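Structure below is target.csv: CSV, C-alpha atoms.
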chain,number,residue,atom,x,y,z
A,12,GLY,CA,12.3,-4.8,-1.6
A,13,GLY,CA,11.5,-2.1,0.9
A,14,LEU,CA,9.0,0.6,1.5
A,15,GLY,CA,7.6,2.7,-1.3
A,16,VAL,CA,5.0,5.4,-2.1
A,17,PHE,CA,3.4,6.1,-5.4
A,18,ALA,CA,0.9,8.7,-6.8
A,19,TYR,CA,-1.4,7.9,-9.6
A,20,PRO,CA,-4.0,9.7,-11.7
A,21,ASP,CA,-6.3,6.6,-11.4
A,22,TYR,CA,-6.2,3.0,-10.0
A,23,TYR,CA,-5.4,1.6,-13.5
A,24,ALA,CA,-2.9,4.1,-14.7
A,25,ARG,CA,0.9,4.2,-14.4
A,26,PRO,CA,2.3,6.1,-11.4
A,27,TRP,CA,3.6,9.6,-11.9
A,28,GLU,CA,7.3,10.1,-11.7
A,29,ILE,CA,8.1,11.9,-8.4
A,30,ARG,CA,11.0,14.3,-8.3
A,31,TRP,CA,12.2,14.1,-4.7
A,32,ASP,CA,13.9,17.0,-2.9
A,33,PRO,CA,16.6,15.2,-0.9
A,34,GLU,CA,16.8,18.0,1.7
A,35,GLY,CA,13.1,18.5,2.5
A,36,ARG,CA,11.3,15.1,2.4
A,37,THR,CA,9.0,16.4,-0.4
A,38,GLY,CA,8.4,15.3,-3.9
A,39,ALA,CA,7.0,17.2,-6.9
A,40,LEU,CA,4.6,15.5,-9.3
A,41,PRO,CA,4.4,16.6,-13.0
A,42,ASN,CA,0.9,18.0,-12.6
A,43,GLY,CA,1.9,20.3,-9.7
A,44,LEU,CA,0.8,18.2,-6.8
A,45,ARG,CA,3.3,18.1,-3.9
A,46,LEU,CA,4.0,14.9,-1.9
A,47,ARG,CA,5.4,14.7,1.6
A,48,ARG,CA,6.7,11.5,3.1
A,49,GLN,CA,7.8,10.8,6.6
A,50,ILE,CA,9.2,7.5,7.8
A,51,ARG,CA,10.1,7.1,11.5
A,52,LEU,CA,10.9,4.4,14.0
A,53,ASP,CA,8.7,4.3,17.0
A,54,GLY,CA,10.0,1.5,19.2
A,55,ALA,CA,9.8,-1.7,17.0
A,56,THR,CA,7.3,-0.1,14.6
A,57,VAL,CA,8.1,1.7,11.4
A,58,ARG,CA,5.6,4.4,10.8
A,59,THR,CA,5.0,6.0,7.4
A,60,GLU,CA,3.0,9.1,6.8
A,61,THR,CA,2.3,10.3,3.3
A,62,VAL,CA,0.4,13.5,2.4
A,63,VAL,CA,-0.3,14.8,-1.1
A,64,ASP,CA,-1.2,18.6,-1.3
A,65,ASN,CA,-2.7,20.5,-4.2
A,66,PRO,CA,-0.8,23.9,-4.2
A,67,THR,CA,-2.1,24.6,-7.8
A,68,ALA,CA,-5.0,26.8,-8.8
A,69,ALA,CA,-7.0,23.9,-10.3
A,70,PRO,CA,-8.6,20.8,-8.9
A,71,LEU,CA,-6.6,17.6,-9.6
A,72,GLU,CA,-7.4,13.9,-9.1
A,73,VAL,CA,-5.0,11.6,-7.3
A,74,VAL,CA,-4.7,8.2,-5.7
A,75,LEU,CA,-1.9,7.3,-3.3
A,76,GLN,CA,-0.4,3.8,-2.8
A,77,SER,CA,1.9,2.9,0.1
A,78,ARG,CA,3.5,-0.5,0.0
A,79,ILE,CA,6.1,-2.9,1.4
A,80,GLU,CA,7.9,-5.3,-0.8
A,81,LEU,CA,9.8,-8.1,0.8
A,82,ASP,CA,11.3,-11.6,0.6
A,83,PRO,CA,9.1,-13.9,2.7
A,84,GLY,CA,11.7,-16.5,3.1
A,85,PRO,CA,10.4,-20.0,2.3
A,86,ILE,CA,7.5,-19.0,0.1
A,87,ASP,CA,6.1,-22.5,-0.1
A,88,ASN,CA,4.7,-22.0,3.4
A,89,ALA,CA,3.9,-18.3,3.2
A,90,VAL,CA,0.4,-17.3,4.4
A,91,VAL,CA,-1.3,-13.9,4.5
A,92,ARG,CA,-3.7,-13.6,7.4
A,93,TYR,CA,-6.3,-10.9,8.1
A,94,ARG,CA,-9.9,-10.3,9.2
A,95,ARG,CA,-12.1,-8.8,6.5
A,96,GLN,CA,-14.3,-5.7,7.0
A,97,ASP,CA,-17.3,-8.0,7.4
A,98,GLY,CA,-15.5,-10.0,10.2
A,99,VAL,CA,-14.6,-13.1,8.2
A,100,ALA,CA,-11.1,-14.5,9.0
A,101,VAL,CA,-8.9,-15.1,5.9
A,102,GLU,CA,-5.8,-17.3,5.5
A,103,LYS,CA,-4.4,-17.0,2.0
A,104,ARG,CA,-1.7,-19.5,1.2
A,105,LEU,CA,0.4,-18.0,-1.6
A,106,ILE,CA,1.8,-21.1,-3.2
A,107,GLU,CA,-0.7,-23.9,-3.9
A,108,PRO,CA,-0.1,-27.2,-5.7
A,109,GLU,CA,-1.1,-27.2,-9.4
A,110,ARG,CA,-1.3,-23.4,-9.4
A,111,PRO,CA,1.1,-20.8,-11.0
A,112,PRO,CA,3.8,-19.7,-8.5
A,113,GLN,CA,2.7,-16.1,-8.7
A,114,GLY,CA,-0.4,-14.0,-8.4
A,115,SER,CA,-2.1,-10.8,-7.6
A,116,GLU,CA,-5.3,-10.0,-5.8
A,117,THR,CA,-7.1,-6.8,-5.0
A,118,TYR,CA,-9.4,-6.5,-2.0
A,119,ALA,CA,-12.1,-3.8,-1.8
A,120,GLY,CA,-15.4,-3.3,0.1
A,121,SER,CA,-16.2,-5.9,2.7
A,122,GLU,CA,-13.4,-8.1,1.5
A,123,ARG,CA,-10.7,-5.6,2.4
A,124,PRO,CA,-8.5,-6.3,5.5
A,125,ASP,CA,-10.0,-4.5,8.6
A,126,GLY,CA,-7.0,-2.2,9.4
A,127,GLU,CA,-4.4,-5.0,9.6
A,128,TRP,CA,-2.9,-7.9,7.7
A,129,ARG,CA,0.1,-10.2,8.3
A,130,LEU,CA,2.6,-12.1,6.2
A,131,GLY,CA,4.3,-14.4,8.6
A,132,ALA,CA,5.8,-12.2,11.4
A,133,VAL,CA,5.4,-9.0,9.4
A,134,VAL,CA,2.3,-6.9,10.4
A,135,ASN,CA,1.0,-4.0,8.3
A,136,ARG,CA,-1.6,-1.8,10.2
A,137,PHE,CA,-3.4,1.1,8.7
A,138,PRO,CA,-6.4,3.5,9.4
A,139,ASN,CA,-9.5,2.0,7.7
A,140,ASP,CA,-10.8,5.5,6.8
A,141,GLN,CA,-7.7,6.2,4.7
A,142,VAL,CA,-7.7,2.9,2.7
A,143,GLU,CA,-10.0,2.1,-0.2
A,144,ARG,CA,-8.3,-1.0,-1.5
A,145,CYS,CA,-5.5,-3.5,-0.6
A,146,LEU,CA,-3.3,-5.3,-3.1
A,147,LEU,CA,-1.5,-8.6,-2.5
A,148,SER,CA,1.1,-9.7,-5.1
A,149,TRP,CA,3.6,-12.5,-4.9
A,150,THR,CA,6.0,-14.5,-7.0
A,151,ALA,CA,8.2,-17.6,-6.5
A,152,LYS,CA,9.8,-17.1,-9.9
A,153,GLY,CA,13.4,-15.9,-9.5
A,154,PRO,CA,13.8,-14.0,-6.2
A,155,HIS,CA,10.8,-14.6,-4.0
A,156,ARG,CA,8.8,-11.4,-3.5
A,157,VAL,CA,5.6,-10.5,-1.7
A,158,THR,CA,4.0,-7.0,-1.9
A,159,LEU,CA,1.4,-5.7,0.5
A,160,ALA,CA,0.0,-2.4,-0.9
A,161,LEU,CA,-2.6,0.0,0.4
A,162,TRP,CA,-4.5,2.3,-1.9
A,163,SER,CA,-6.2,5.5,-0.8
A,164,ALA,CA,-9.6,6.5,-2.3
A,165,LYS,CA,-9.3,8.4,-5.6
A,166,ARG,CA,-9.9,12.0,-4.7
A,167,ARG,CA,-10.4,15.2,-6.6
A,168,LEU,CA,-8.3,17.7,-4.6
A,169,ALA,CA,-9.5,21.3,-4.8
A,170,PRO,CA,-6.7,24.0,-4.5
A,171,GLY,CA,-5.3,23.9,-1.0
A,172,GLN,CA,-6.7,20.4,-0.2
A,173,SER,CA,-4.7,17.3,0.8
A,174,LEU,CA,-5.0,13.6,1.0
A,175,ARG,CA,-3.2,11.4,3.7
A,176,LEU,CA,-2.2,7.7,3.8
A,177,ASP,CA,-0.5,6.2,6.8
A,178,ALA,CA,0.9,2.7,7.2
A,179,ASP,CA,2.7,1.0,10.1
A,180,TYR,CA,5.0,-2.0,9.9
A,181,SER,CA,6.2,-4.2,12.7
A,182,THR,CA,6.9,-7.8,13.6
A,183,ALA,CA,4.5,-10.0,15.6
A,184,PRO,CA,6.0,-11.9,18.6

Conversion result in structure tokens:
Amino acid sequence: GGLGVFAYPDYYARPWEIRWDPEGRTGALPNGLRLRRQIRLDGATVRTETVVDNPTAAPLEVVLQSRIELDPGPIDNAVVRYRRQDGVAVEKRLIEPERPPQGSETYAGSERPDGEWRLGAVVNRFPNDQVERCLLSWTAKGPHRVTLALWSAKRRLAPGQSLRLDADYSTAP
């Protein structure tokens, strides 16, 4: 588990391999895009900032994904809670009787969490204007794992343009 960032050519493609510079918090993508990632502790909140820049001479398309992958503890009782963009409150129980012990759901449009979602005591907050889709994935097969992923909009970056995706993680009292 842990925090991760990925860059893709499209929502349905494989992520590009990122060559990270251990000294400068930057990563190089095979197409020439440059990724910058900052993770900092602000009190009890972990703040992540990811920016992809286009230093090339040609426009390039990119989608960013920032995610947290964690063991939720007793997954039989794990529930993801959030308020949708249209105001509807959602409580998604991950493990249900007579259903497979794993799954994956993507939320977009009015069904997307409105800037925050929670898995137990873990809270993930994000700027609505930076997030196009949210992905929830879970499994109780083998090690228990839940992934909360944020997707940026797919953007065509002109030379010199950038795209940003921020995500904060904390625990609720």

With all atoms listed in the file counted and 12 Å as the cut-off, give the residues of region 19-81 of chain A in contact with region 161-176 of chain A, each with its shortest interatomic distance in Å and the pair that gives it, as JSON lines.
{"residue": "A:Tyr19", "atom": "CA", "partner": "A:Lys165", "partner_atom": "CA", "distance": 8.9}
{"residue": "A:Pro20", "atom": "CA", "partner": "A:Lys165", "partner_atom": "CA", "distance": 8.2}
{"residue": "A:Asp21", "atom": "CA", "partner": "A:Lys165", "partner_atom": "CA", "distance": 6.8}
{"residue": "A:Tyr22", "atom": "CA", "partner": "A:Lys165", "partner_atom": "CA", "distance": 7.6}
{"residue": "A:Tyr23", "atom": "CA", "partner": "A:Lys165", "partner_atom": "CA", "distance": 11.1}
{"residue": "A:Ala24", "atom": "CA", "partner": "A:Lys165", "partner_atom": "CA", "distance": 11.9}
{"residue": "A:Gly43", "atom": "CA", "partner": "A:Pro170", "partner_atom": "CA", "distance": 10.7}
{"residue": "A:Leu44", "atom": "CA", "partner": "A:Leu168", "partner_atom": "CA", "distance": 9.4}
{"residue": "A:Arg45", "atom": "CA", "partner": "A:Ser173", "partner_atom": "CA", "distance": 9.3}
{"residue": "A:Leu46", "atom": "CA", "partner": "A:Ser173", "partner_atom": "CA", "distance": 9.4}
{"residue": "A:Arg47", "atom": "CA", "partner": "A:Arg175", "partner_atom": "CA", "distance": 9.4}
{"residue": "A:Arg48", "atom": "CA", "partner": "A:Leu176", "partner_atom": "CA", "distance": 9.7}
{"residue": "A:Gln49", "atom": "CA", "partner": "A:Leu176", "partner_atom": "CA", "distance": 10.8}
{"residue": "A:Arg58", "atom": "CA", "partner": "A:Leu176", "partner_atom": "CA", "distance": 11.0}
{"residue": "A:Thr59", "atom": "CA", "partner": "A:Leu176", "partner_atom": "CA", "distance": 8.2}
{"residue": "A:Glu60", "atom": "CA", "partner": "A:Leu176", "partner_atom": "CA", "distance": 6.2}
{"residue": "A:Thr61", "atom": "CA", "partner": "A:Leu176", "partner_atom": "CA", "distance": 5.2}
{"residue": "A:Val62", "atom": "CA", "partner": "A:Arg175", "partner_atom": "CA", "distance": 4.4}
{"residue": "A:Val63", "atom": "CA", "partner": "A:Leu174", "partner_atom": "CA", "distance": 5.3}
{"residue": "A:Asp64", "atom": "CA", "partner": "A:Ser173", "partner_atom": "CA", "distance": 4.3}
{"residue": "A:Asn65", "atom": "CA", "partner": "A:Pro170", "partner_atom": "CA", "distance": 5.3}
{"residue": "A:Pro66", "atom": "CA", "partner": "A:Gly171", "partner_atom": "CA", "distance": 5.5}
{"residue": "A:Thr67", "atom": "CA", "partner": "A:Pro170", "partner_atom": "CA", "distance": 5.7}
{"residue": "A:Ala68", "atom": "CA", "partner": "A:Pro170", "partner_atom": "CA", "distance": 5.4}
{"residue": "A:Ala69", "atom": "CA", "partner": "A:Pro170", "partner_atom": "CA", "distance": 5.8}
{"residue": "A:Pro70", "atom": "CA", "partner": "A:Ala169", "partner_atom": "CA", "distance": 4.2}
{"residue": "A:Leu71", "atom": "CA", "partner": "A:Leu168", "partner_atom": "CA", "distance": 5.3}
{"residue": "A:Glu72", "atom": "CA", "partner": "A:Arg167", "partner_atom": "CA", "distance": 4.1}
{"residue": "A:Val73", "atom": "CA", "partner": "A:Arg166", "partner_atom": "CA", "distance": 5.6}
{"residue": "A:Val74", "atom": "CA", "partner": "A:Lys165", "partner_atom": "CA", "distance": 4.6}
{"residue": "A:Leu75", "atom": "CA", "partner": "A:Ser163", "partner_atom": "CA", "distance": 5.3}
{"residue": "A:Gln76", "atom": "CA", "partner": "A:Trp162", "partner_atom": "CA", "distance": 4.5}
{"residue": "A:Ser77", "atom": "CA", "partner": "A:Leu161", "partner_atom": "CA", "distance": 5.4}
{"residue": "A:Arg78", "atom": "CA", "partner": "A:Leu161", "partner_atom": "CA", "distance": 6.1}
{"residue": "A:Ile79", "atom": "CA", "partner": "A:Leu161", "partner_atom": "CA", "distance": 9.2}
{"residue": "A:Glu80", "atom": "CA", "partner": "A:Leu161", "partner_atom": "CA", "distance": 11.8}

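Distances here use all atoms listed in the file; by that measure, the residue among A:Pro83, A:Pro184, A:Gly120, A:Pro111 closest to Gly12 (chain A) is A:Pro83.
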
Here's a test: counting only C-alpha atoms, identify every protein, DNA and RNA residue with an atom at most 8 Å from (-2.2, -12.6, -7.2) in the file's coordinate frame, and state them as a VMD selection string. chain A and resid 113 to 117 147 to 149

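What separates CA of Ala132 (chain A) from CA of Leu14 (chain A) is a distance of 16.5 Å.
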
Applying 9 Å and only C-alpha atoms, which residues near Pro112 (chain A) remain after dropping the ones on its own chain fewer than 6 positions away? List them as a PyMOL selection string. chain A and resi 105-106+149-152

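Taking CA of Val90 (chain A) as the reference point, CA of Val16 (chain A) is found at 24.1 Å.
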
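Atom pair CA of Gln141 (chain A) / CA of Asp179 (chain A) has a distance of 12.8 Å (rounded to one decimal).
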